[in-house]
Amino acid sequence: MTLLTETFSGIVQRITYHNPDNGWSVLRVQSFISHEKQETVTVHQTKVFAGATMEFKGAWTTHPKFGRQFKAVEALEKKPATAGALEKYLGSGLIKGVGPKTAKKIVRHFGKETLDIFEHKIDLLTEVPGIAHKKLEMIGSAWQEHRSIRDVMMFLQHHGISTLFAVRIYKEYGDNAIQIVSQDPYRLVHDFYGIGFFSADKVALSIGLARDSDQRIIAAIKHVLAGSREEGHCYLTLSQLEQQVPQLLEMVMGTPLPHYLDVMEKEHHLRVRLIPDENRLEERCYYSNTLYHDEAAVASCIHTLAGKMQIEQQRIKTWTDKYCQRHSIQLSDEQADSVRGVASHGFSILTGGPGCGKTTTTLVIVRLLEAMGRKVLLAAPTGRAAQRMSEVIGREAKTIHRLLEWQRGFFQKNAEQPLETDFLIIDECSMLDISLSAGLLSAVPAGCQVLFIGDADQLPSVGAGNVLGDMLMSGMIPCFHLTKVFRQAEKSMIIHHAHHINKGDTPRIDSPFKTPEIWKDETDCLFIDADEATQEQIQFVRRIKCFFDQQETSSINQDVNDQNLFEFRTEEAITSSYEKDLVIPPKFQHVDLQTVYNAANSIEELKSVLQKVHPWSSLHYGFSALDVVEKLYLEWIPKYYGGNCEIQVLSPMTRGSLGTTNINAMLQKKANPEQPGKRQLQFGEKIFREGDRVIHRRNNYDLNVFNGDIGRIVSIDTEDMTCVVSFSPDNREIIYQKEDMAQLDLAYAITIHKSQGSEFEAVIIPVLTQHFKMLYRNLIYTGLTRGRKLAVFVGTRKALAMAVRQQDTSKRQTALKHLLINTFTGPDRT
DNA sequence: AGCAAAAA
């Protein structure tokens with residue numbers, strides 16, 4: 001860790017930038033060594049005063065935009081050493097009553113002894129002209145105060161706390177700070193947002209607390225429990241804690257863990273819930289207080305809301321029929337049933353895959369309720385989902401955070417100040433985590449009806465819990481499941497394969513390399529086998545192909561055909577790795593093809609080398625996976641599906657050779673290359689060019705653009721550094737100022753996560769083992785079902801099979817399902 | 001073989 005041992009010291013001249021959230025600061029620092037030269041220093045979690053003399057530890061780096069800078073990992077305040085430093089220090093406004101002018105006078109008078117005078121003989125300050133008795137008193141008391149702060153600060157900093165937090169800790173604990181922190185350093189985790197277990201532990205060990213002290217172990221248990229959220233879990237089991245806690249503490253525990261857990265439960269540091277496992281044996285499940293409360297709150301709120309309403313079914317039917325007729329809406333039977341069902345239940349769920357008509361059903365429900373004189377509120381977890389809801393329903397829809405009036409970490413709308421409405425409809429509920437659900441449901445007033453809409457097969461929520469899935473699986477909540485697909489269901493292979501994926505079967509998707517006709521058949525789902533071939537392999541195949549094309553009319557493909565390798569064997573494809581099949585014999589490396597041609601036996605050898613490559617892998621045609629993405633985007637899809645077909649690449653990941661960043665860079669270069677007259681702007685590494693496809697990444701209520709909106713850059717003004725982006729569906733044009741453009745990214749490729757809730761005419765989905773960590777069932781399902789006319793996978797069948805086998809949400813440890821069953825049927829404890 | 005992600 002400590003490879004960065006360069007140091008750099010100087011006087012802080014100016015604080016160029018300071019981020020109060022994480023403490024990251026950019027400073028201009030005048031070096032001690034070369035006096036005239038100012039350097040840029042970046043440092044984390046440190047607030048430094050202008051004029052302070054600092055010693056930084058870290059390393060020199062070169063930033064692509066800002067050039068040479070010192071990246072500090074540690075900053076220590078030194079006593080001012082030079083007269084110049086002293087003057088800056090005193091004049092920085094740190095001491096009340098001393099400004100730059102007075103500072104100058106003082107330093108000129110006392111020179112090097114200035115600091116000593118302040119420390120020990122402050123009365124002598126009156127020697128300085130302009131400092132009378134009154135001013136001396138002011139300066140004196142300010143200096144006193146400053147000194148006690150400084151003692152605390154020095155203590156905290158000595159034990160590894162950054163200046164920024166030291167200031168906050170001093171503000172909170174005052175002069176007792178040293179005592180409080182020494183007594184229980186782990187208090188800091190609870191009292192200060194931004195200090196975690198690791199920071200507090202550093203202080204604790206530095207102060208000299210024992211590695212096996214109770215405080216330390218309890219803090220570690222709390223930290224592990226809180227961390228389970230990251231995995232999507234609500235609770236951890238004993239064996240999980242026994243594995244993770246000692247690992248965090250970096251020691252073997254003397255006293256067994258259950259002892260501590262019992263103590264913590266008694267002292268309300270954690271909660272335990274007994275949940276029966278498959279064998280009906282009760283297991284102790286350990287919760288952090290908040291998650292325990294949230295889970296229980298969701299279950300009890302739903303129980304309170306649930307129940308049947310007295311509604312005249314016949315009147316609803318008559319009204320619905322009339323409404324649909326007037327607006328020429330065709331409702332299927334299950335949709336009509338859903339409308340009636342939802343209207344007559346206190347709490348219900350409307351679910352179903354894409355293209356099943358959830359939206360139309362919702363529209364009719366909203367109109368019906370309004371006709372019944374009910375006040376209806378609409379909301380969704382994300383800005384984009386809310387905006388789409390408004391567009392489709394024609395009523396305002398808000399994000400849940402806005403609906404509940406989120407302010408400084410709390411919701412203004414809650415059990416005490418509930419929402420004012422008769423009916424609440426929440427869309428895209430697969431994105432709801434347990435905490436937001438608890439916040440939302442507590443704010444529902446008594447007598448209000450609630451409808452959750454969502455597709456549980458889509459991506460799970462970012463936060464902990466499996467809310468929608470648990471509610472559905474509990475079987476306790478009235479659920480209206482739309483199954484009839486309107487989108488040409490019979491023909492659609494996308495729907496067919498999506499269905500298989502959901503069941504856990506790896507779909508056998510046809511490849512155009514195997515069956516070239518399928519392009520013309522306008523199939524809507526394809527798989528192109530491609531792997532991470534090396535440049536050497538690609539070049540080798542291309543050279544051979546080039547050679548054969550010249551020499552023989554019959555292509556090499558004909559030869560491979562003879563081997564009858566085209567039988568569609570998924571299992572074989574799963575185990576084989578295409579690029580490994582191609583071993584280039586040394587004798588053919590960099591060989592002149594004419595020489596090969598002259599030696600007849602060499603031709604046969606060449607053929608046999610190529611025949612080892614899987615005949616429908618893209619390597620066989622001299623394409624890497626990235627080449628295939630390019631070909632699909634620029635040639636193949638436009639050729640068979642029309643040049644106006646909207647194509648979207650959906651990658652499981654941001655990084656990697658087939659991550660969004662790399663694909664974006666490649667497609668920008670190929671699909672929208674630099675041209676004279678085509679204007680562009682550069683921000684650091686990012687280039688935006690006229691014609692680029694872009695995505696907006698944060699809800700911006702001023703511009704009325706939302707996280708996930710995709711558009712095209714219409715024009716760029718290089719003078720003003722502004723641009724105009726046109727967004728679908730109605731091609732509305734938004735003017736971006738320079739600072740707004742930071743919220744834009746290239747969007748030729750986006751992550752599957754970002755695509756949730758959107759649809760595209762054609763999607764290209766790379767699925768390779770390099771995406772290993774992200775490969776799970778819901779992800780593939782979500783990506784595949786984003787395509788309306790075409791979905792093409794590019795990658796290996798092995799990666800696809802891995803993804804389909806991996807069920808993310810089933811691994812989430814949650815108890816909502818269990819709680820709902822218990823609440824509704826009464827606990828069956830004996 | 002290390003990774004994605006909402007809200008304010």
# chains A, B, ... in the order shown; residues from 1 in each chain; ligands from 1
$ interface_residues --of "chain A" --to "chain B" --cutoff "10 Å" --atoms "only C-alpha atoms (C1' of nucleotides)" --output "number ranges by chain"
A: 381-383, 399-402, 405-410, 431-433, 436, 460-463, 652-655, 699, 707, 751-754, 769-775
$ write_last_selection --atoms "N, CA and C atoms" --output "tab-separated table (two decimals), in the first residue's frame"
chain	number	residue	atom	x	y	z
A	381	PRO	N	-40.00	4.63	-9.36
A	381	PRO	CA	-38.71	4.77	-8.67
A	381	PRO	C	-37.69	5.66	-9.39
A	382	THR	N	-37.76	5.74	-10.72
A	382	THR	CA	-36.76	6.54	-11.42
A	382	THR	C	-37.42	7.69	-12.16
A	383	GLY	N	-36.62	8.71	-12.47
A	383	GLY	CA	-37.13	9.88	-13.16
A	383	GLY	C	-37.67	9.53	-14.53
A	399	THR	N	-41.18	11.05	-9.36
A	399	THR	CA	-40.36	10.02	-8.75
A	399	THR	C	-40.86	9.84	-7.32
A	400	ILE	N	-40.64	8.67	-6.74
A	400	ILE	CA	-41.12	8.43	-5.38
A	400	ILE	C	-40.47	9.42	-4.41
A	401	HIS	N	-39.19	9.71	-4.66
A	401	HIS	CA	-38.51	10.68	-3.78
A	401	HIS	C	-39.18	12.05	-3.81
A	402	ARG	N	-39.59	12.47	-5.01
A	402	ARG	CA	-40.26	13.77	-5.10
A	402	ARG	C	-41.66	13.71	-4.49
A	405	GLU	N	-41.39	13.98	-0.94
A	405	GLU	CA	-40.67	15.21	-0.58
A	405	GLU	C	-39.42	14.92	0.24
A	406	TRP	N	-38.49	14.33	-0.41
A	406	TRP	CA	-37.20	13.97	0.19
A	406	TRP	C	-36.41	15.23	0.51
A	407	GLN	N	-35.98	15.36	1.75
A	407	GLN	CA	-35.15	16.52	2.10
A	407	GLN	C	-34.08	16.12	3.10
A	408	ARG	N	-32.87	16.37	2.75
A	408	ARG	CA	-31.72	16.09	3.62
A	408	ARG	C	-31.82	14.72	4.28
A	409	GLY	N	-32.09	13.72	3.50
A	409	GLY	CA	-32.06	12.37	4.04
A	409	GLY	C	-33.36	11.89	4.65
A	410	PHE	N	-34.38	12.74	4.68
A	410	PHE	CA	-35.65	12.31	5.25
A	410	PHE	C	-36.80	12.63	4.31
A	431	MET	N	-37.87	-2.20	-9.36
A	431	MET	CA	-36.72	-1.39	-8.92
A	431	MET	C	-36.86	-0.91	-7.48
A	432	LEU	N	-37.93	-1.30	-6.79
A	432	LEU	CA	-38.14	-0.85	-5.41
A	432	LEU	C	-37.31	-1.67	-4.43
A	433	ASP	N	-36.52	-1.01	-3.60
A	433	ASP	CA	-35.85	-1.77	-2.54
A	433	ASP	C	-36.68	-1.68	-1.26
A	436	LEU	N	-37.06	2.00	0.54
A	436	LEU	CA	-37.94	2.94	-0.14
A	436	LEU	C	-39.39	2.47	-0.05
A	460	PRO	N	-33.10	-6.76	-10.53
A	460	PRO	CA	-33.47	-6.48	-9.15
A	460	PRO	C	-33.08	-5.05	-8.76
A	461	SER	N	-33.66	-4.60	-7.66
A	461	SER	CA	-33.37	-3.25	-7.19
A	461	SER	C	-31.90	-3.10	-6.83
A	462	VAL	N	-31.43	-1.87	-6.86
A	462	VAL	CA	-30.06	-1.60	-6.46
A	462	VAL	C	-29.90	-1.88	-4.97
A	463	GLY	N	-30.85	-1.41	-4.19
A	463	GLY	CA	-30.78	-1.56	-2.74
A	463	GLY	C	-31.22	-2.94	-2.30
A	652	PRO	N	-23.39	-5.83	-20.81
A	652	PRO	CA	-23.55	-6.07	-19.37
A	652	PRO	C	-22.68	-5.15	-18.53
A	653	MET	N	-21.58	-4.66	-19.12
A	653	MET	CA	-20.62	-3.91	-18.30
A	653	MET	C	-20.16	-2.62	-18.95
A	654	THR	N	-19.57	-1.78	-18.14
A	654	THR	CA	-19.00	-0.53	-18.65
A	654	THR	C	-17.59	-0.77	-19.16
A	655	ARG	N	-16.83	-1.53	-18.37
A	655	ARG	CA	-15.42	-1.72	-18.71
A	655	ARG	C	-15.19	-2.97	-19.55
A	699	ASN	N	-31.35	13.13	-13.47
A	699	ASN	CA	-32.61	13.85	-13.61
A	699	ASN	C	-32.34	15.34	-13.56
A	707	ASN	N	-32.54	10.89	-16.32
A	707	ASN	CA	-31.54	9.84	-16.34
A	707	ASN	C	-32.00	8.72	-17.27
A	751	THR	N	-25.27	0.33	-20.80
A	751	THR	CA	-25.35	-0.91	-20.01
A	751	THR	C	-26.80	-1.41	-20.02
A	752	ILE	N	-26.96	-2.70	-19.81
A	752	ILE	CA	-28.30	-3.27	-19.77
A	752	ILE	C	-29.08	-2.64	-18.61
A	753	HIS	N	-28.37	-2.36	-17.52
A	753	HIS	CA	-29.03	-1.71	-16.39
A	753	HIS	C	-29.69	-0.40	-16.83
A	754	LYS	N	-28.96	0.39	-17.60
A	754	LYS	CA	-29.49	1.68	-18.04
A	754	LYS	C	-30.67	1.50	-18.99
A	769	THR	N	-17.52	-14.32	-21.64
A	769	THR	CA	-17.10	-14.69	-20.28
A	769	THR	C	-16.37	-13.54	-19.60
A	770	GLN	N	-15.90	-12.57	-20.36
A	770	GLN	CA	-15.27	-11.41	-19.72
A	770	GLN	C	-16.30	-10.65	-18.87
A	771	HIS	N	-17.58	-10.85	-19.16
A	771	HIS	CA	-18.63	-10.17	-18.38
A	771	HIS	C	-19.07	-11.01	-17.19
A	772	PHE	N	-18.33	-12.07	-16.94
A	772	PHE	CA	-18.59	-13.06	-15.90
A	772	PHE	C	-19.39	-12.56	-14.68
A	773	LYS	N	-18.89	-11.51	-14.05
A	773	LYS	CA	-19.50	-11.07	-12.80
A	773	LYS	C	-20.94	-10.57	-12.99
A	774	MET	N	-21.24	-10.12	-14.18
A	774	MET	CA	-22.56	-9.53	-14.39
A	774	MET	C	-23.54	-10.49	-15.03
A	775	LEU	N	-23.06	-11.70	-15.33
A	775	LEU	CA	-23.92	-12.61	-16.07
A	775	LEU	C	-24.93	-13.31	-15.18
$ closest_residue --among "A:Leu746, A:Met741, A:Ile161, A:Leu634" --to "Ile764 in chain A" --atoms "only C-alpha atoms"
A:Leu634
$ closest_residue --among "A:Glu334, A:Asp277, A:Asp745, A:Glu39" --to "Phe66 in chain A" --atoms "only C-alpha atoms"
A:Glu39
$ select_by_dssp --residues "range 353-443 of chain A" --states "helix (DSSP H, G or I)" --output "JSON, numbers by chain"
{"A": [358, 359, 360, 361, 362, 363, 364, 365, 366, 367, 368, 369, 370, 371, 383, 384, 385, 386, 387, 388, 389, 390, 391, 392, 393, 400, 401, 402, 403, 429, 430, 431, 434, 435, 436, 437, 438, 439, 440, 441, 442]}
$ atom_distance --atom1 "CA of His818 in chain A" --atom2 "CA of Arg777 in chain A"
23.9 Å
$ atom_distance --atom1 "CA of Phe198 in chain A" --atom2 "CA of Ala464 in chain A"
22.2 Å
$ atom_distance --atom1 "CA of Ala742 in chain A" --atom2 "CA of Ile195 in chain A"
28.6 Å
$ residues_around --residues "Lys738 in chain A" --least-positions-apart "4" --cutoff "9 Å" --atoms "only C-alpha atoms (C1' of nucleotides)" --output "compact mmCIF listing (two decimals) with C-alpha atoms, in the first residue's frame"
# COMPACT_ATOMS: atom_id res chain seq x y z
CA ASP A 720 -20.21 29.24 -26.61
CA MET A 721 -19.46 25.60 -25.79
CA THR A 722 -23.13 24.72 -26.09
CA CYS A 723 -24.97 22.06 -28.03
CA ALA A 742 -21.20 16.90 -18.07
